[in-house]
$ cat final_0.csv   # CSV, C-alpha atoms
chain,number,residue,atom,x,y,z
A,1,MET,CA,-59.1,26.4,-137.5
A,2,GLN,CA,-55.6,26.1,-139.0
A,3,GLN,CA,-52.7,24.9,-136.9
A,4,GLY,CA,-51.0,28.4,-137.2
A,5,ASP,CA,-54.1,30.1,-135.8
A,6,SER,CA,-54.1,27.6,-132.9
A,7,VAL,CA,-50.5,28.4,-131.9
A,8,THR,CA,-51.2,32.2,-132.3
A,9,ASP,CA,-54.3,31.9,-130.0
A,10,LYS,CA,-52.4,29.8,-127.5
A,11,VAL,CA,-49.5,32.2,-127.1
A,12,ASN,CA,-51.3,35.5,-127.4
A,13,ASN,CA,-54.4,34.7,-125.4
A,14,SER,CA,-52.5,32.9,-122.6
A,15,VAL,CA,-50.1,35.8,-122.3
A,16,ALA,CA,-52.8,38.4,-122.3
A,17,ASN,CA,-54.8,36.5,-119.7
A,18,SER,CA,-52.0,35.4,-117.4
A,19,VAL,CA,-49.1,37.7,-117.7
A,20,ASP,CA,-51.0,40.9,-116.9
A,21,ASP,CA,-52.9,39.3,-114.0
A,22,SER,CA,-50.1,37.3,-112.4
A,23,VAL,CA,-46.7,38.8,-113.1
A,24,ASP,CA,-47.0,41.8,-110.7
A,25,ASP,CA,-48.1,39.5,-107.9
A,26,LYS,CA,-44.9,37.5,-108.2
A,27,ALA,CA,-42.5,40.3,-109.1
A,28,PRO,CA,-40.1,41.5,-106.5
A,29,SER,CA,-40.3,44.9,-104.8
A,30,LEU,CA,-37.9,47.6,-105.9
A,31,LYS,CA,-35.6,46.9,-102.9
A,32,GLU,CA,-35.7,43.2,-103.6
A,33,ALA,CA,-34.9,43.7,-107.3
A,34,LEU,CA,-31.9,46.0,-106.4
A,35,ARG,CA,-30.5,43.6,-103.8
A,36,SER,CA,-30.7,40.6,-106.1
A,37,ALA,CA,-29.1,42.4,-109.1
A,38,LEU,CA,-25.7,40.9,-110.2
A,39,TRP,CA,-24.0,44.3,-109.9
A,40,ALA,CA,-25.2,44.7,-106.3
A,41,GLN,CA,-23.7,41.6,-104.9
A,42,ALA,CA,-20.3,43.0,-104.0
A,43,LEU,CA,-21.4,46.5,-103.0
A,44,THR,CA,-20.7,47.7,-99.4
A,45,ALA,CA,-23.5,48.4,-97.0
A,46,GLY,CA,-23.0,52.1,-97.5
A,47,GLN,CA,-23.0,51.8,-101.3
A,48,MET,CA,-26.2,49.7,-101.2
A,49,ALA,CA,-27.8,52.2,-98.9
A,50,ARG,CA,-27.2,55.1,-101.4
A,51,VAL,CA,-28.5,52.9,-104.2
A,52,GLU,CA,-31.7,52.2,-102.4
A,53,ALA,CA,-32.2,55.8,-101.2
A,54,THR,CA,-31.8,57.3,-104.7
A,55,THR,CA,-33.2,54.7,-107.2
A,56,PHE,CA,-36.9,55.0,-107.9
A,57,GLU,CA,-39.6,53.0,-109.7
A,58,VAL,CA,-41.9,54.1,-112.4
A,59,PHE,CA,-44.8,52.2,-114.2
A,60,VAL,CA,-44.9,52.2,-118.0
A,61,PRO,CA,-48.0,50.7,-119.6
A,62,LYS,CA,-47.9,48.5,-122.6
A,63,GLY,CA,-46.9,50.5,-125.7
A,64,GLY,CA,-45.5,53.3,-123.6
A,65,PHE,CA,-42.1,54.8,-123.9
A,66,VAL,CA,-39.6,53.9,-121.2
A,67,CYS,CA,-37.2,56.4,-122.8
A,68,ARG,CA,-37.0,58.3,-126.0
A,69,LYS,CA,-34.4,58.8,-128.7
A,70,GLY,CA,-32.7,62.2,-128.4
A,71,GLU,CA,-33.4,62.7,-124.7
A,72,VAL,CA,-30.8,63.6,-122.1
A,73,VAL,CA,-29.7,60.3,-120.4
A,74,ASP,CA,-30.0,60.9,-116.7
A,75,ASN,CA,-30.8,57.4,-115.4
A,76,TRP,CA,-29.5,53.8,-115.6
A,77,VAL,CA,-32.6,51.7,-116.4
A,78,GLY,CA,-33.6,48.3,-115.0
A,79,ILE,CA,-36.6,46.0,-115.6
A,80,ILE,CA,-38.4,44.8,-112.4
A,81,SER,CA,-41.3,43.2,-114.3
A,82,GLY,CA,-42.6,43.2,-117.8
A,83,MET,CA,-40.5,43.4,-120.9
A,84,VAL,CA,-38.9,46.3,-122.9
A,85,LYS,CA,-37.7,46.5,-126.5
A,86,MET,CA,-35.0,48.8,-127.7
A,87,ASN,CA,-35.8,50.0,-131.2
A,88,ASN,CA,-35.6,52.9,-133.7
A,89,PHE,CA,-37.8,54.3,-136.4
A,90,SER,CA,-36.7,55.6,-139.8
A,91,PRO,CA,-38.1,58.9,-141.1
A,92,SER,CA,-40.6,56.9,-143.2
A,93,GLY,CA,-41.8,55.1,-140.0
A,94,LYS,CA,-40.1,51.7,-140.5
A,95,SER,CA,-39.1,50.2,-137.2
A,96,VAL,CA,-36.1,48.1,-136.4
A,97,THR,CA,-35.8,46.3,-133.0
A,98,PHE,CA,-32.4,45.8,-131.5
A,99,THR,CA,-33.2,43.6,-128.6
A,100,GLY,CA,-35.6,42.8,-125.8
A,101,VAL,CA,-34.8,43.3,-122.1
A,102,PRO,CA,-36.7,41.0,-119.7
A,103,PRO,CA,-36.9,41.3,-115.9
A,104,GLY,CA,-33.4,41.5,-114.3
A,105,GLY,CA,-31.8,43.3,-117.2
A,106,TRP,CA,-30.3,46.8,-117.1
A,107,PHE,CA,-29.5,49.1,-120.0
A,108,GLY,CA,-28.3,52.6,-120.9
A,109,GLU,CA,-24.8,52.4,-119.4
A,110,GLY,CA,-23.2,53.2,-122.7
A,111,SER,CA,-25.0,56.5,-123.1
A,112,LEU,CA,-24.3,57.4,-119.5
A,113,LEU,CA,-20.6,56.7,-119.9
A,114,LYS,CA,-20.3,58.7,-123.1
A,115,ASP,CA,-22.5,61.5,-121.7
A,116,GLU,CA,-24.5,61.6,-124.9
A,117,HIS,CA,-28.2,61.9,-125.8
A,118,ARG,CA,-30.0,58.6,-126.2
A,119,LYS,CA,-29.6,56.9,-129.6
A,120,TYR,CA,-32.7,54.7,-129.5
A,121,ASP,CA,-36.2,54.4,-128.1
A,122,ALA,CA,-37.2,51.9,-125.5
A,123,MET,CA,-40.8,50.8,-125.4
A,124,ALA,CA,-42.8,48.5,-123.0
A,125,LEU,CA,-44.0,45.4,-124.8
A,126,ARG,CA,-46.3,44.9,-121.9
A,127,ASP,CA,-47.2,46.7,-118.6
A,128,SER,CA,-43.7,47.1,-117.0
A,129,ARG,CA,-42.2,48.3,-113.7
A,130,ILE,CA,-39.0,50.1,-114.3
A,131,ALA,CA,-36.2,51.0,-111.9
A,132,ARG,CA,-34.3,54.2,-112.5
A,133,MET,CA,-30.9,54.8,-110.9
A,134,PRO,CA,-29.9,58.5,-111.2
A,135,ALA,CA,-26.7,59.3,-113.2
A,136,ALA,CA,-25.1,60.7,-110.1
A,137,THR,CA,-25.4,57.4,-108.2
A,138,PHE,CA,-24.3,55.5,-111.3
A,139,HIS,CA,-21.1,57.5,-111.7
A,140,TRP,CA,-20.5,57.5,-107.9
A,141,LEU,CA,-20.5,53.7,-108.0
A,142,LEU,CA,-18.2,53.7,-111.0
A,143,GLU,CA,-15.7,55.8,-109.0
A,144,THR,CA,-16.0,54.0,-105.6
A,145,SER,CA,-16.7,50.3,-106.5
A,146,LEU,CA,-14.2,48.2,-108.4
A,147,PRO,CA,-16.6,45.2,-108.6
A,148,PHE,CA,-19.3,47.5,-110.1
A,149,THR,CA,-16.7,48.8,-112.7
A,150,ARG,CA,-15.8,45.2,-113.5
A,151,PHE,CA,-19.5,44.3,-113.9
A,152,LEU,CA,-19.9,47.2,-116.4
A,153,LEU,CA,-17.0,46.0,-118.5
A,154,MET,CA,-18.6,42.6,-118.7
A,155,GLN,CA,-21.9,44.1,-119.5
A,156,LEU,CA,-20.5,46.1,-122.4
A,157,ASN,CA,-18.6,43.1,-123.7
A,158,GLU,CA,-21.7,40.9,-123.6
A,159,ARG,CA,-23.8,43.6,-125.2
A,160,LEU,CA,-21.3,44.0,-128.0
A,161,GLY,CA,-21.3,40.2,-128.6
A,162,GLN,CA,-25.1,40.2,-128.6
A,163,PHE,CA,-25.3,42.9,-131.3
A,164,ILE,CA,-22.6,41.3,-133.4
A,165,GLY,CA,-24.6,38.1,-133.3
A,166,MET,CA,-27.8,39.9,-134.3
A,167,VAL,CA,-26.2,41.4,-137.4
A,168,GLU,CA,-24.9,37.9,-138.3
A,169,HIS,CA,-28.3,36.3,-137.7
A,170,GLU,CA,-30.1,38.9,-139.7
A,171,ARG,CA,-27.8,38.6,-142.7
A,172,LEU,CA,-27.1,34.9,-142.8
A,173,LEU,CA,-29.8,32.9,-141.1
A,174,ASP,CA,-33.3,31.8,-142.2
A,175,PRO,CA,-36.4,33.0,-140.1
A,176,ASP,CA,-36.7,29.6,-138.3
A,177,THR,CA,-33.1,29.7,-137.0
A,178,ARG,CA,-33.4,33.5,-136.3
A,179,VAL,CA,-36.4,32.9,-134.0
A,180,ALA,CA,-34.5,30.1,-132.2
A,181,ARG,CA,-31.5,32.4,-131.7
A,182,CYS,CA,-33.7,35.3,-130.6
A,183,LEU,CA,-35.3,33.2,-127.8
A,184,ALA,CA,-32.0,31.8,-126.8
A,185,SER,CA,-30.5,35.3,-126.5
A,186,LEU,CA,-32.9,36.0,-123.7
A,187,PHE,CA,-31.0,33.6,-121.5
A,188,ASN,CA,-27.7,35.5,-121.3
A,189,THR,CA,-27.0,35.0,-117.6
A,190,HIS,CA,-25.0,38.3,-117.4
A,191,LEU,CA,-27.4,40.6,-119.3
A,192,TYR,CA,-30.6,38.9,-118.1
A,193,PRO,CA,-30.0,37.0,-114.9
A,194,GLY,CA,-33.7,36.9,-114.0
A,195,SER,CA,-34.8,34.9,-117.1
A,196,GLN,CA,-37.0,31.8,-116.4
A,197,ARG,CA,-37.6,28.8,-118.7
A,198,LEU,CA,-41.2,30.0,-119.1
A,199,VAL,CA,-40.7,33.1,-121.3
A,200,GLN,CA,-43.7,35.4,-120.9
A,201,ILE,CA,-43.7,36.6,-124.4
A,202,SER,CA,-46.3,36.6,-127.2
A,203,GLN,CA,-45.9,35.3,-130.7
A,204,GLU,CA,-46.2,38.9,-132.0
A,205,GLU,CA,-43.3,40.0,-129.6
A,206,VAL,CA,-41.2,37.1,-130.9
A,207,GLY,CA,-41.7,38.5,-134.4
A,208,LEU,CA,-40.7,42.0,-133.4
A,209,LEU,CA,-37.6,40.8,-131.6
A,210,SER,CA,-36.4,38.5,-134.4
A,211,GLY,CA,-37.2,40.7,-137.3
A,212,ALA,CA,-39.9,38.4,-138.7
A,213,SER,CA,-43.5,39.0,-139.5
A,214,ARG,CA,-46.1,37.8,-137.0
A,215,GLN,CA,-47.2,35.0,-139.3
A,216,ARG,CA,-43.6,33.9,-140.1
A,217,ALA,CA,-42.7,33.9,-136.4
A,218,ASN,CA,-45.7,31.7,-135.7
A,219,GLN,CA,-44.6,29.2,-138.3
A,220,ALA,CA,-41.1,29.2,-136.8
A,221,LEU,CA,-42.5,28.5,-133.4
A,222,GLN,CA,-44.4,25.5,-134.8
A,223,VAL,CA,-41.1,24.2,-136.3
A,224,LEU,CA,-39.2,24.6,-133.0
A,225,GLU,CA,-42.1,23.0,-131.1
A,226,ARG,CA,-42.0,19.9,-133.4
A,227,GLU,CA,-38.3,19.7,-132.8
A,228,GLY,CA,-38.9,19.4,-129.1
A,229,LEU,CA,-37.0,22.6,-128.3
A,230,LEU,CA,-39.9,24.5,-126.8
A,231,ARG,CA,-43.6,24.3,-126.0
A,232,VAL,CA,-46.3,26.9,-126.5
A,233,ASP,CA,-47.6,26.9,-123.0
A,234,TYR,CA,-50.1,28.8,-120.8
A,235,GLY,CA,-48.4,32.1,-120.0
A,236,GLY,CA,-46.0,32.1,-122.9
A,237,ILE,CA,-43.3,29.9,-124.4
A,238,ARG,CA,-41.7,27.2,-122.3
A,239,ILE,CA,-38.0,26.5,-123.3
A,240,LEU,CA,-37.4,22.7,-123.2
A,241,ASP,CA,-33.9,22.6,-124.7
A,242,LEU,CA,-31.9,25.8,-124.4
A,243,ASP,CA,-28.7,24.4,-125.8
A,244,GLY,CA,-30.8,23.0,-128.7
A,245,LEU,CA,-32.2,26.4,-129.4
A,246,ARG,CA,-28.7,27.9,-129.5
A,247,LYS,CA,-27.5,25.2,-131.9
A,248,PHE,CA,-30.6,24.9,-134.1
A,249,ASP,CA,-30.0,25.2,-137.8
A,250,ALA,CA,-33.0,24.7,-140.1
A,251,HIS,CA,-30.7,23.7,-143.0
A,252,ALA,CA,-28.5,21.3,-141.0
$ encode --input "final_0.csv" --output "structure tokens"
Amino acid sequence: MQQGDSVTDKVNNSVANSVDDSVDDKAPSLKEALRSALWAQALTAGQMARVEATTFEVFVPKGGFVCRKGEVVDNWVGIISGMVKMNNFSPSGKSVTFTGVPPGGWFGEGSLLKDEHRKYDAMALRDSRIARMPAATFHWLLETSLPFTRFLLMQLNERLGQFIGMVEHERLLDPDTRVARCLASLFNTHLYPGSQRLVQISQEEVGLLSGASRQRANQALQVLEREGLLRVDYGGIRILDLDGLRKFDAHA
């Protein structure tokens, strides 16, 4: 067996065997997820009570749509467990992935603020538990909670920076460096506060999120593993040197 096949098997098989079986056992309840969210920390008891009373949970199986392009946006969306990718398809069927959203991340505030139909699809990369806050509650918090408004300003600013970086990476960086930046981007403490050093993500998912083929993403993981920046581990990819991933340059 070639080394590339070994890495692929380690990542994909371990994720398939361990993530589906164990993540839900360790994942928080809906109430726990809401109370631990960054935006919830400064809410009043009354505001939190309304959030808990109106926000609901749905289950989306792997490959299922969390939301669809063109639909009316009536919820703010959070990830309790699993992982979701935001992507679009061209008329010819070509797919482009914008970003992945791990547990603890929330998205869709831009469309809610602009009161427009959704501009992208969001699909579950694995079985996922999704929190949905109704638009009425979202806008009520926006009107009654200054800390929540401040959080959204930071969220939009961080998201803008993330997408600017993605365009730069796509146009200027080689695949090895792109994969490194892709993994590092999952550790934005504002956008994804629930991220752990063991990233429960498969090699195929890394390729989708970094714009590389499955085979090329596998080669990049081998390079980064040899550099001591990560380790292909049981359950996914373990980040050993986050700062090193952020600074990695294959041509340096």
$ closest_atom_pairs --input "final_0.csv" --of "region 163-205 of chain A" --to "region 123-142 of chain A" --cutoff "10 Å" --atoms "all atoms listed in the file" --output "JSON lines"
{"residue": "A:Gln200", "atom": "CA", "partner": "A:Arg126", "partner_atom": "CA", "distance": 9.9}
{"residue": "A:Ile201", "atom": "CA", "partner": "A:Leu125", "partner_atom": "CA", "distance": 8.8}
{"residue": "A:Ser202", "atom": "CA", "partner": "A:Leu125", "partner_atom": "CA", "distance": 9.4}
{"residue": "A:Glu204", "atom": "CA", "partner": "A:Leu125", "partner_atom": "CA", "distance": 9.9}
{"residue": "A:Glu205", "atom": "CA", "partner": "A:Leu125", "partner_atom": "CA", "distance": 7.3}
$ closest_residue --input "final_0.csv" --among "A:Val51, A:Ala33, A:Leu191, A:Val73" --to "Leu112 (chain A)" --atoms "all atoms listed in the file"
A:Val73
$ residues_around --input "final_0.csv" --residues "Leu30 (chain A)" --least-positions-apart "4" --cutoff "12 Å" --atoms "all atoms listed in the file" --output "ChimeraX atom specification"
/A:24,34-37,51-59,78-81,103-104,129-133
$ residues_around --input "final_0.csv" --residues "region 181-184 of chain A" --least-positions-apart "5" --cutoff "8 Å" --atoms "only C-alpha atoms" --output "list in words"
His169, Val206, Leu209, Ser210, Leu242, Leu245, Arg246 and Phe248 of chain A
$ residues_around --input "final_0.csv" --residues "Phe107 (chain A)" --least-positions-apart "2" --cutoff "10 Å" --atoms "all atoms listed in the file" --output "VMD selection string"
chain A and resid 75 to 79 86 101 105 109 to 112 122 155 to 156 159 191
$ residues_around --input "final_0.csv" --residues "Pro175 (chain A)" --least-positions-apart "2" --cutoff "8 Å" --atoms "all atoms listed in the file" --output "number ranges by chain"
A: 173, 177-179, 210, 212, 216-217, 220
$ closest_residue --input "final_0.csv" --among "A:Ala250, A:Leu198, A:Leu160, A:Leu208" --to "Arg238 (chain A)" --atoms "only C-alpha atoms"
A:Leu198
$ atom_distance --input "final_0.csv" --atom1 "CA of Arg118 (chain A)" --atom2 "CA of Leu146 (chain A)"
26.0 Å
$ closest_residue --input "final_0.csv" --among "A:His251, A:Asp176, A:Leu186, A:Lys31" --to "Gln219 (chain A)" --atoms "all atoms listed in the file"
A:Asp176
$ closest_residue --input "final_0.csv" --among "A:Asp243, A:Lys94, A:Val72, A:Met83" --to "Gly108 (chain A)" --atoms "all atoms listed in the file"
A:Val72
$ closest_residue --input "final_0.csv" --among "A:Asn157, A:Ser145, A:Thr44, A:Gln162" --to "Thr99 (chain A)" --atoms "all atoms listed in the file"
A:Gln162
$ atom_distance --input "final_0.csv" --atom1 "CA of Ile237 (chain A)" --atom2 "CA of Leu221 (chain A)"
9.1 Å
$ atom_distance --input "final_0.csv" --atom1 "CA of Glu158 (chain A)" --atom2 "CA of Trp39 (chain A)"
14.3 Å
$ closest_residue --input "final_0.csv" --among "A:Leu113, A:Val84, A:Arg231, A:Ala180" --to "Val60 (chain A)" --atoms "only C-alpha atoms"
A:Val84
